[in-house]
Structure formats: structure tokens, C-alpha cells
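Q: Quick one, input-v2.cif (mmCIF, C-alpha atoms and all ligand atoms):
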```cif
data_data
#
loop_
_atom_site.group_PDB
_atom_site.id
_atom_site.type_symbol
_atom_site.label_atom_id
_atom_site.label_comp_id
_atom_site.auth_asym_id
_atom_site.auth_seq_id
_atom_site.Cartn_x
_atom_site.Cartn_y
_atom_site.Cartn_z
ATOM 1 C CA MET A 6 25.746 -1.222 6.348
ATOM 2 C CA GLY A 7 23.496 -2.224 3.444
ATOM 3 C CA GLY A 8 22.459 -5.829 4.040
ATOM 4 C CA SER A 9 20.681 -8.019 1.513
ATOM 5 C CA MET A 10 17.057 -9.062 1.730
ATOM 6 C CA VAL A 11 15.005 -12.123 0.773
ATOM 7 C CA THR A 12 11.299 -11.911 1.707
ATOM 8 C CA GLY A 13 11.598 -10.237 5.087
ATOM 9 C CA TYR A 14 15.007 -11.661 5.924
ATOM 10 C CA VAL A 15 17.866 -9.223 6.389
ATOM 11 C CA LEU A 16 21.501 -10.306 6.412
ATOM 12 C CA LYS A 17 24.038 -8.179 8.296
ATOM 13 C CA ARG A 18 27.289 -8.510 10.198
ATOM 14 C CA LEU A 19 26.548 -9.964 13.637
ATOM 15 C CA ARG A 20 27.947 -9.309 17.075
ATOM 16 C CA PRO A 21 26.974 -12.219 19.345
ATOM 17 C CA THR A 22 26.645 -9.852 22.310
ATOM 18 C CA THR A 23 23.319 -8.681 20.870
ATOM 19 C CA PRO A 24 20.445 -9.981 23.095
ATOM 20 C CA ALA A 25 18.584 -11.428 20.083
ATOM 21 C CA PHE A 26 21.519 -13.790 19.530
ATOM 22 C CA ARG A 27 21.094 -15.300 23.001
ATOM 23 C CA ALA A 28 17.580 -16.544 22.153
ATOM 24 C CA LEU A 29 18.820 -18.372 19.062
ATOM 25 C CA MET A 30 21.733 -19.789 21.044
ATOM 26 C CA GLU A 31 19.277 -21.188 23.618
ATOM 27 C CA GLU A 32 17.162 -22.717 20.866
ATOM 28 C CA SER A 33 20.189 -24.396 19.282
ATOM 29 C CA ARG A 34 21.365 -25.774 22.622
ATOM 30 C CA LEU A 35 17.933 -27.262 23.345
ATOM 31 C CA GLU A 36 18.043 -28.934 19.924
ATOM 32 C CA GLY A 37 21.393 -30.472 20.878
ATOM 33 C CA TYR A 38 23.672 -28.258 18.741
ATOM 34 C CA TRP A 39 26.643 -26.588 20.412
ATOM 35 C CA MET A 40 27.993 -24.387 17.608
ATOM 36 C CA LEU A 41 26.397 -21.174 18.880
ATOM 37 C CA VAL A 42 27.509 -21.834 22.459
ATOM 38 C CA ARG A 43 31.071 -22.309 21.155
ATOM 39 C CA LEU A 44 30.701 -19.127 19.125
ATOM 40 C CA ALA A 45 29.622 -17.130 22.207
ATOM 41 C CA ASP A 46 32.478 -18.644 24.268
ATOM 42 C CA GLY A 47 35.070 -17.854 21.613
ATOM 43 C CA TRP A 48 33.834 -14.287 21.381
ATOM 44 C CA ALA A 49 33.714 -13.757 25.173
ATOM 45 C CA SER A 50 37.239 -15.113 25.629
ATOM 46 C CA ARG A 51 38.421 -13.102 22.560
ATOM 47 C CA ARG A 52 39.783 -16.329 21.107
ATOM 48 C CA ASN A 53 37.659 -15.850 17.988
ATOM 49 C CA ARG A 54 36.126 -12.514 17.072
ATOM 50 C CA PHE A 55 36.374 -13.027 13.296
ATOM 51 C CA LEU A 56 38.919 -10.237 12.966
ATOM 52 C CA LYS A 57 41.692 -11.978 11.055
ATOM 53 C CA HIS A 58 42.296 -11.480 7.340
ATOM 54 C CA GLY A 59 39.125 -12.348 5.395
ATOM 55 C CA GLU A 60 37.104 -13.389 8.423
ATOM 56 C CA ALA A 61 33.516 -12.302 9.144
ATOM 57 C CA LEU A 62 30.457 -13.244 11.161
ATOM 58 C CA PHE A 63 26.974 -12.857 9.674
ATOM 59 C CA GLY A 64 23.447 -13.024 11.041
ATOM 60 C CA VAL A 65 20.023 -13.060 9.419
ATOM 61 C CA TRP A 66 17.267 -11.071 11.087
ATOM 62 C CA HIS A 67 13.515 -11.539 10.770
ATOM 63 C CA GLY A 68 12.065 -8.455 12.411
ATOM 64 C CA ARG A 69 13.932 -8.148 15.703
ATOM 65 C CA GLU A 70 14.777 -11.843 15.887
ATOM 66 C CA VAL A 71 18.100 -13.332 14.843
ATOM 67 C CA VAL A 72 17.068 -16.491 12.958
ATOM 68 C CA GLY A 73 20.343 -17.602 11.381
ATOM 69 C CA VAL A 74 24.096 -17.357 11.949
ATOM 70 C CA CYS A 75 27.190 -18.239 9.962
ATOM 71 C CA GLY A 76 30.861 -17.359 10.347
ATOM 72 C CA LEU A 77 33.930 -17.446 8.132
ATOM 73 C CA ASN A 78 37.251 -18.245 9.774
ATOM 74 C CA ILE A 79 40.764 -18.746 8.460
ATOM 75 C CA ALA A 80 42.064 -22.299 8.549
ATOM 76 C CA PRO A 81 45.849 -22.188 8.031
ATOM 77 C CA TYR A 82 46.997 -24.755 5.500
ATOM 78 C CA PHE A 83 50.179 -26.781 5.435
ATOM 79 C CA ASP A 84 51.468 -25.485 2.085
ATOM 80 C CA GLY A 85 51.183 -21.886 3.233
ATOM 81 C CA ARG A 86 48.001 -20.996 1.391
ATOM 82 C CA GLU A 87 45.162 -19.910 3.588
ATOM 83 C CA LEU A 88 41.847 -21.699 3.453
ATOM 84 C CA GLY A 89 38.498 -20.501 4.687
ATOM 85 C CA ARG A 90 36.248 -22.471 6.951
ATOM 86 C CA VAL A 91 32.475 -22.193 7.376
ATOM 87 C CA ARG A 92 31.772 -22.024 11.107
ATOM 88 C CA HIS A 93 28.791 -22.013 13.422
ATOM 89 C CA LEU A 94 26.063 -22.345 10.811
ATOM 90 C CA PHE A 95 22.653 -22.564 12.398
ATOM 91 C CA VAL A 96 19.143 -21.619 11.254
ATOM 92 C CA SER A 97 16.146 -21.513 13.599
ATOM 93 C CA ALA A 98 13.919 -24.579 13.068
ATOM 94 C CA GLN A 99 10.872 -22.402 12.317
ATOM 95 C CA HIS A 100 12.742 -20.646 9.521
ATOM 96 C CA ARG A 101 14.358 -23.620 7.785
ATOM 97 C CA ARG A 102 13.790 -24.302 4.077
ATOM 98 C CA ASN A 103 13.129 -20.586 3.483
ATOM 99 C CA GLY A 104 16.511 -19.910 1.940
ATOM 100 C CA VAL A 105 18.131 -18.439 5.076
ATOM 101 C CA GLY A 106 20.953 -21.012 5.159
ATOM 102 C CA ARG A 107 21.575 -20.465 1.466
ATOM 103 C CA MET A 108 21.712 -16.680 1.973
ATOM 104 C CA LEU A 109 24.277 -17.084 4.741
ATOM 105 C CA VAL A 110 26.507 -19.628 3.032
ATOM 106 C CA GLU A 111 26.401 -17.852 -0.347
ATOM 107 C CA THR A 112 27.516 -14.659 1.402
ATOM 108 C CA VAL A 113 30.365 -16.568 3.062
ATOM 109 C CA VAL A 114 31.308 -18.182 -0.277
ATOM 110 C CA ASP A 115 31.404 -14.787 -2.046
ATOM 111 C CA ARG A 116 33.694 -13.429 0.632
ATOM 112 C CA ALA A 117 35.869 -16.541 0.847
ATOM 113 C CA ARG A 118 36.377 -16.527 -2.924
ATOM 114 C CA ARG A 119 38.116 -13.144 -2.633
ATOM 115 C CA HIS A 120 40.473 -14.256 0.139
ATOM 116 C CA PHE A 121 41.066 -18.000 0.075
ATOM 117 C CA ALA A 122 41.988 -20.865 -2.245
ATOM 118 C CA ALA A 123 39.162 -23.022 -0.944
ATOM 119 C CA LEU A 124 36.434 -23.155 1.661
ATOM 120 C CA ASN A 125 36.068 -26.117 4.023
ATOM 121 C CA THR A 126 33.391 -27.221 6.401
ATOM 122 C CA ARG A 127 32.699 -30.030 8.811
ATOM 123 C CA ALA A 128 28.976 -30.666 8.503
ATOM 124 C CA PRO A 129 26.778 -33.054 10.427
ATOM 125 C CA GLN A 130 25.192 -35.772 8.269
ATOM 126 C CA GLU A 131 21.853 -33.938 8.255
ATOM 127 C CA ALA A 132 23.441 -30.934 6.510
ATOM 128 C CA PHE A 133 25.254 -32.884 3.745
ATOM 129 C CA ALA A 134 22.478 -32.419 1.151
ATOM 130 C CA PHE A 135 22.369 -28.706 1.962
ATOM 131 C CA TYR A 136 26.104 -28.199 1.322
ATOM 132 C CA GLU A 137 26.157 -30.404 -1.752
ATOM 133 C CA GLY A 138 23.212 -28.443 -3.177
ATOM 134 C CA LEU A 139 25.273 -25.267 -2.793
ATOM 135 C CA GLY A 140 28.150 -26.732 -4.799
ATOM 136 C CA PHE A 141 30.437 -28.104 -2.069
ATOM 137 C CA GLY A 142 32.074 -31.430 -2.883
ATOM 138 C CA PRO A 143 32.181 -34.256 -0.342
ATOM 139 C CA VAL A 144 35.635 -34.925 1.177
ATOM 140 C CA LYS A 145 36.621 -38.403 2.339
ATOM 141 C CA GLY A 146 39.293 -39.348 4.819
ATOM 142 C CA GLU A 147 39.868 -35.977 6.521
ATOM 143 C CA GLU A 148 39.046 -35.819 10.172
ATOM 144 C CA PHE A 149 37.915 -32.200 10.345
ATOM 145 C CA VAL A 150 36.523 -31.645 6.853
ATOM 146 C CA THR A 151 33.439 -33.227 5.279
ATOM 147 C CA HIS A 152 32.969 -30.779 2.377
ATOM 148 C CA ARG A 153 35.046 -28.362 0.342
ATOM 149 C CA MET A 154 34.514 -25.744 -2.333
ATOM 150 C CA LYS A 155 37.609 -24.965 -4.395
ATOM 151 C CA PHE A 156 38.029 -21.577 -6.048
ATOM 152 C CA GLU A 157 39.862 -20.764 -9.238
ATOM 153 C CA THR A 158 43.343 -19.525 -8.473
ATOM 154 C CA LYS A 159 43.821 -15.785 -8.627
ATOM 155 C CA SER A 160 46.428 -16.157 -11.361
ATOM 156 C CA ALA A 161 43.879 -17.970 -13.544
ATOM 157 C CA VAL A 162 41.254 -15.286 -12.972
ATOM 158 C CA GLY A 163 43.699 -12.399 -13.084
ATOM 159 C CA ARG A 164 44.231 -9.939 -10.270
ATOM 160 C CA LYS A 165 43.202 -6.785 -12.117
ATOM 161 C CA GLY A 166 40.349 -5.011 -10.392
ATOM 162 C CA ASP A 167 40.516 -7.531 -7.577
HETATM 163 C C1 LIG A 201 21.475 -27.068 7.576
HETATM 164 C C2 LIG A 201 20.733 -25.725 7.741
HETATM 165 C C3 LIG A 201 21.752 -24.632 8.086
HETATM 166 C C4 LIG A 201 20.018 -25.379 6.420
HETATM 167 O O1 LIG A 201 19.432 -24.104 6.539
HETATM 168 P P1 LIG A 201 18.083 -23.688 5.758
HETATM 169 O O2 LIG A 201 17.860 -22.248 5.966
HETATM 170 O O3 LIG A 201 16.990 -24.619 6.127
HETATM 171 O O4 LIG A 201 18.526 -23.996 4.247
HETATM 172 P P2 LIG A 201 17.886 -23.379 2.906
HETATM 173 O O5 LIG A 201 16.422 -23.158 3.086
HETATM 174 O O6 LIG A 201 18.692 -22.222 2.479
HETATM 175 O O7 LIG A 201 18.108 -24.612 1.930
HETATM 176 C C5 LIG A 201 18.727 -24.474 0.666
HETATM 177 C C6 LIG A 201 18.678 -25.815 -0.037
HETATM 178 O O8 LIG A 201 19.456 -26.790 0.680
HETATM 179 C C7 LIG A 201 18.827 -28.060 0.602
HETATM 180 N N1 LIG A 201 18.418 -28.490 1.950
HETATM 181 C C8 LIG A 201 18.300 -27.733 3.074
HETATM 182 N N2 LIG A 201 17.948 -28.487 4.125
HETATM 183 C C9 LIG A 201 17.832 -29.752 3.652
HETATM 184 C C10 LIG A 201 17.481 -30.979 4.254
HETATM 185 N N3 LIG A 201 17.204 -31.062 5.565
HETATM 186 N N4 LIG A 201 17.432 -32.078 3.481
HETATM 187 C C11 LIG A 201 17.702 -32.011 2.160
HETATM 188 N N5 LIG A 201 18.048 -30.853 1.529
HETATM 189 C C12 LIG A 201 18.113 -29.754 2.264
HETATM 190 C C13 LIG A 201 17.631 -27.876 -0.296
HETATM 191 O O9 LIG A 201 18.030 -28.110 -1.614
HETATM 192 C C14 LIG A 201 17.303 -26.424 -0.095
HETATM 193 O O10 LIG A 201 16.590 -25.854 -1.141
HETATM 194 P P3 LIG A 201 14.976 -26.060 -1.234
HETATM 195 O O11 LIG A 201 14.421 -25.709 0.122
HETATM 196 O O12 LIG A 201 14.596 -25.098 -2.302
HETATM 197 O O13 LIG A 201 14.784 -27.490 -1.593
HETATM 198 C C15 LIG A 201 19.644 -25.822 8.836
HETATM 199 O O14 LIG A 201 18.797 -26.914 8.566
HETATM 200 C C16 LIG A 201 20.203 -25.994 10.248
HETATM 201 O O15 LIG A 201 20.579 -25.036 10.890
HETATM 202 N N6 LIG A 201 20.247 -27.242 10.733
HETATM 203 C C17 LIG A 201 20.694 -27.553 12.072
HETATM 204 C C18 LIG A 201 22.134 -27.239 12.312
HETATM 205 C C19 LIG A 201 23.086 -27.738 11.257
HETATM 206 O O16 LIG A 201 22.971 -28.848 10.770
HETATM 207 N N7 LIG A 201 24.047 -26.886 10.920
HETATM 208 C C20 LIG A 201 25.082 -27.176 9.959
HETATM 209 C C21 LIG A 201 26.387 -27.150 10.670
HETATM 210 S S1 LIG A 201 27.758 -27.197 9.570
#
```
Could you take the file, read its structure, and then write that structure out as C-alpha cells?
Ligand SMILES: CC(C)(COP(=O)(O)OP(=O)(O)OC[C@H]1O[C@@H](n2cnc3c(N)ncnc32)[C@H](O)[C@@H]1OP(=O)(O)O)[C@@H](O)C(=O)NCCC(=O)NCCS

A:
Amino acid sequence: MGGSMVTGYVLKRLRPTTPAFRALMEESRLEGYWMLVRLADGWASRRNRFLKHGEALFGVWHGREVVGVCGLNIAPYFDGRELGRVRHLFVSAQHRRNGVGRMLVETVVDRARRHFAALNTRAPQEAFAFYEGLGFGPVKGEEFVTHRMKFETKSAVGRKGD
């Protein structure tokens, strides 16, 4: 697989069974974030292996280290249209503000745009500025969604060459 590159960072599909993932998971847990632990649990139990329509799990490598993770899951929607959901976003503290989070979320957005009507996320307060800077709009009054990016409908864009 190709993978994109920004100054020594390489983005690829991730399998959380890779030993380098465990180190980042430990780091996140020590910082008080549980998203990578939940990711590993969901994978181990086969509850979530990012295999449904449109789904994917990405990692960013710096040398042999995994320094960032982000997943795209389906979130079924009440009117029958499928929405995407940003899941398990985490960037190693030493690598923050280097564009790794942007690389991950822009990759997820590009993929989600091809499959879903919109992309949701539930971000902690400290990530609000990050999501809003990437073009997500704040969402009020929804328990599990703090931010959303809406995509143009396929009919408006046209399906040719899709
Ligand atoms: C939120 C997080 C993923 C951002 O990752 P990152 O690699 O540092 O983000 P980037 O370097 O790509 O930032 C892109 C832009 O977002 C904005 N941004 C990122 N972090 C920010 C912060 N703490 N405060 C304000 N703006 C921020 C900036 O505009 C930044 O661009 P700039 O550095 O040129 O100013 C990372 O800080 C993290 O993992 N935090 C802990 C876990 C977490 O909050 N996860 C989100 C769960 S939904």
C-alpha cells in the first residue's frame, strides 16, 4: 500500500495487533485517555474490526513507532442514511502540533465523503479547536455528537465516475 508522507510521518492502514500500537496505547492510558484501550478490546473481541462498508483504521508511523491512530466507523442513522463516525483519534504527546492529527482526520474525511452523508465525532473539550479548524461544525444538544461535517449529497455532485 502506498501511504502518504509529511516530513517523516507515514500514514497507512493499521492493525492494532502490531507491537508498536501497544506502546502508544500504554501512553494514552497513562495520560488518562481510554480510546485506544477500547479500540484494542473491540478488535480482540471482533466487535469492531473496521470491516463494514466504508470503514477503515489508520495509523501514522514515525520510523518504527506508531505515533497516531484514527478510525472510521459506520453510525447507522434513523432515516436510513448511513453516517460516518471518527473514532479513537489519538496522537502521541511528543508528536502533537506537527500535523499528524490533521493527516489522520483529513484521510478519514476523504474516505467518509465517498461513503456517507456526514461525519460525526464526539470530541473532548480539548480537541474542539482542532476539529473546528478542520471544518467540523459544533453540534449542540446531542448526547453522543459534539461535531459534524456534512457532505454534499451524491445527487448534487453527480454519481458519474464515483
Ligand atoms: C487532538 C489531537 C488528536 C490533535 O492532534 P495533532 O497532531 O496535535 O493536531 P495537528 O498538529 O494536526 O493540528 C492541526 C491544527 O489543529 C489545531 N489544534 C490542534 N491542537 C490544538 C490545541 N490543543 N489547541 C488549539 N488548536 C489546536 C491547530 O489549528 C492545528 O494547526 P497548527 O498546529 O498549524 O496551529 C491530539 O492533541 C490528541 O491526540 N489529543 C489527546 C486525545 C484527544 O483529545 N483526542 C481526540 C478524541 S476525539

Q: Could you list, as JSON, numbers by chain, every residue within 6 Å of region 148-158 of chain A, counting all atoms listed in the file and ignoring same-chain residues fewer than 2 positions away?

A: {"A": [122, 123, 124, 125, 126, 127, 141, 142, 143, 144, 160, 161]}

Q: Give me, as a tab-separated table, the closest atom pair and its distance (Å, one decimal) for every residue of chain A within a cut-off of 10 Å of ligand LIG 201 (chain A), counting only C-alpha atoms and all ligand atoms, rows sorted by chain and rising number.

A:
```
residue	atom	partner	partner_atom	distance
A:Ser33	CA	A:LIG201	C18	7.8
A:Glu36	CA	A:LIG201	C17	8.4
A:Gly37	CA	A:LIG201	C18	9.2
A:Tyr38	CA	A:LIG201	C18	6.7
A:Trp39	CA	A:LIG201	C18	9.3
A:Met40	CA	A:LIG201	C21	7.6
A:Leu41	CA	A:LIG201	C18	9.9
A:Val72	CA	A:LIG201	O2	9.1
A:Gly73	CA	A:LIG201	O15	7.5
A:Val74	CA	A:LIG201	O15	8.5
A:Cys75	CA	A:LIG201	C3	8.6
A:Val91	CA	A:LIG201	S1	7.2
A:Arg92	CA	A:LIG201	S1	6.7
A:His93	CA	A:LIG201	C21	6.3
A:Leu94	CA	A:LIG201	C21	4.8
A:Phe95	CA	A:LIG201	O15	3.6
A:Val96	CA	A:LIG201	O15	3.7
A:Ser97	CA	A:LIG201	O15	6.3
A:Ala98	CA	A:LIG201	O15	7.0
A:Gln99	CA	A:LIG201	O3	9.0
A:His100	CA	A:LIG201	O2	6.4
A:Arg101	CA	A:LIG201	O3	3.3
A:Arg102	CA	A:LIG201	O5	3.0
A:Asn103	CA	A:LIG201	O5	4.2
A:Gly104	CA	A:LIG201	O6	3.2
A:Val105	CA	A:LIG201	O2	3.9
A:Gly106	CA	A:LIG201	O2	3.4
A:Arg107	CA	A:LIG201	O6	3.5
A:Met108	CA	A:LIG201	O6	6.3
A:Leu109	CA	A:LIG201	O6	7.9
A:Val110	CA	A:LIG201	O6	8.3
A:Glu111	CA	A:LIG201	O6	9.3
A:Thr126	CA	A:LIG201	S1	6.5
A:Arg127	CA	A:LIG201	S1	5.7
A:Ala128	CA	A:LIG201	S1	3.8
A:Pro129	CA	A:LIG201	O16	5.7
A:Gln130	CA	A:LIG201	O16	7.7
A:Glu131	CA	A:LIG201	O16	5.8
A:Ala132	CA	A:LIG201	C1	4.5
A:Phe133	CA	A:LIG201	C11	7.8
A:Ala134	CA	A:LIG201	N5	4.7
A:Phe135	CA	A:LIG201	O8	3.7
A:Tyr136	CA	A:LIG201	O8	6.8
A:Glu137	CA	A:LIG201	O8	8.0
A:Gly138	CA	A:LIG201	O9	5.4
A:Leu139	CA	A:LIG201	O8	6.9
A:Thr151	CA	A:LIG201	S1	9.3
A:His152	CA	A:LIG201	S1	9.6
```

Q: If you count only C-alpha atoms, which residues fall within 12 Å of Gly59 (chain A), apart from same-chain ones fewer than 5 positions away, as a tab-separated table (two decimals) with C-alpha atoms, in the frame of the given file?

A:
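result14.tsv, freshly written:
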```
chain	number	residue	atom	x	y	z
A	76	GLY	CA	30.86	-17.36	10.35
A	77	LEU	CA	33.93	-17.45	8.13
A	78	ASN	CA	37.25	-18.24	9.77
A	79	ILE	CA	40.76	-18.75	8.46
A	80	ALA	CA	42.06	-22.30	8.55
A	87	GLU	CA	45.16	-19.91	3.59
A	88	LEU	CA	41.85	-21.70	3.45
A	89	GLY	CA	38.50	-20.50	4.69
A	90	ARG	CA	36.25	-22.47	6.95
A	113	VAL	CA	30.36	-16.57	3.06
A	114	VAL	CA	31.31	-18.18	-0.28
A	115	ASP	CA	31.40	-14.79	-2.05
A	116	ARG	CA	33.69	-13.43	0.63
A	117	ALA	CA	35.87	-16.54	0.85
A	118	ARG	CA	36.38	-16.53	-2.92
A	119	ARG	CA	38.12	-13.14	-2.63
A	120	HIS	CA	40.47	-14.26	0.14
A	121	PHE	CA	41.07	-18.00	0.08
A	122	ALA	CA	41.99	-20.86	-2.24
A	124	LEU	CA	36.43	-23.16	1.66
```

Q: How many Å separate CA of Tyr14 (chain A) from CA of Glu31 (chain A)?

A: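 Separating CA of Tyr14 (chain A) from CA of Glu31 (chain A) is a distance of 20.5 Å.
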
Q: Could you tell me how far CA of Leu29 (chain A) sits from CA of Thr12 (chain A), in Å to one decimal place?

A: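 So the answer is 20.0 Å.
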
Q: Can you tell me how far CA of Leu35 (chain A) sits from CA of Gly68 (chain A), in Å to one decimal?

A: 22.5 Å

Q: Apply the PyMOL selection byres (((chain A and resi 53) around 12) and not hetatm) to the file shown and report the selected residues as a PyMOL selection string.

A: chain A and resi 20-21+43-52+54-57+60-62+76-79+92-93

Q: Using all atoms listed in the file, which of the listed residues (A:Glu32, A:Thr112, A:Pro81, A:Arg86) sits closest to Arg18 (chain A)?

A: A:Thr112

Q: Could the centre and edge lengths of an axis-aligned box, enclosing all atoms of region 42-51 of chain A in the file with 4 Å extra on each side, be given in Å to one decimal as JSON?

A:
```
{"center_x": 33.0, "center_y": -17.7, "center_z": 22.4, "size_x": 18.9, "size_y": 17.2, "size_z": 14.5}
```

Q: Counting only C-alpha atoms, figure out which residue out of A:Val71, A:Arg27, A:Tyr82, A:Lys17 gets nearest to Val42 (chain A).

A: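 Going through A:Val71, A:Arg27, A:Tyr82, A:Lys17 one by one, the smallest distance to Val42 (chain A) is for A:Arg27.
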
Q: Would you fill out region 129-144 of chain A with N, CA and C atoms and return it as a short mmCIF file (atom, residue, chain, number, x, y, z; two decimals), in the coordinates of the input?

A:
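The new file rebuild_18.cif reads:
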```
data_model
loop_
_atom_site.label_atom_id
_atom_site.label_comp_id
_atom_site.auth_asym_id
_atom_site.auth_seq_id
_atom_site.Cartn_x
_atom_site.Cartn_y
_atom_site.Cartn_z
N PRO A 129 27.42 -31.83 9.96
CA PRO A 129 26.78 -33.05 10.43
C PRO A 129 26.04 -33.70 9.26
N GLN A 130 25.85 -35.00 9.34
CA GLN A 130 25.19 -35.77 8.27
C GLN A 130 23.92 -35.09 7.75
N GLU A 131 23.15 -34.51 8.65
CA GLU A 131 21.85 -33.94 8.26
C GLU A 131 22.02 -32.67 7.41
N ALA A 132 23.24 -32.13 7.35
CA ALA A 132 23.44 -30.93 6.51
C ALA A 132 24.18 -31.26 5.21
N PHE A 133 24.49 -32.53 4.95
CA PHE A 133 25.25 -32.88 3.74
C PHE A 133 24.53 -32.45 2.47
N ALA A 134 23.23 -32.75 2.38
CA ALA A 134 22.48 -32.42 1.15
C ALA A 134 22.46 -30.91 0.93
N PHE A 135 22.37 -30.17 2.04
CA PHE A 135 22.37 -28.71 1.96
C PHE A 135 23.67 -28.20 1.33
N TYR A 136 24.82 -28.66 1.85
CA TYR A 136 26.10 -28.20 1.32
C TYR A 136 26.32 -28.66 -0.12
N GLU A 137 25.94 -29.88 -0.40
CA GLU A 137 26.16 -30.40 -1.75
C GLU A 137 25.28 -29.65 -2.74
N GLY A 138 24.09 -29.25 -2.32
CA GLY A 138 23.21 -28.44 -3.18
C GLY A 138 23.79 -27.06 -3.47
N LEU A 139 24.66 -26.59 -2.58
CA LEU A 139 25.27 -25.27 -2.79
C LEU A 139 26.59 -25.37 -3.55
N GLY A 140 26.96 -26.58 -3.97
CA GLY A 140 28.15 -26.73 -4.80
C GLY A 140 29.40 -27.20 -4.07
N PHE A 141 29.29 -27.54 -2.79
CA PHE A 141 30.44 -28.10 -2.07
C PHE A 141 30.58 -29.57 -2.47
N GLY A 142 31.82 -30.03 -2.57
CA GLY A 142 32.07 -31.43 -2.88
C GLY A 142 32.35 -32.20 -1.61
N PRO A 143 31.88 -33.44 -1.53
CA PRO A 143 32.18 -34.26 -0.34
C PRO A 143 33.67 -34.59 -0.27
N VAL A 144 34.22 -34.62 0.94
CA VAL A 144 35.64 -34.92 1.18
C VAL A 144 35.71 -36.18 2.02
#
```
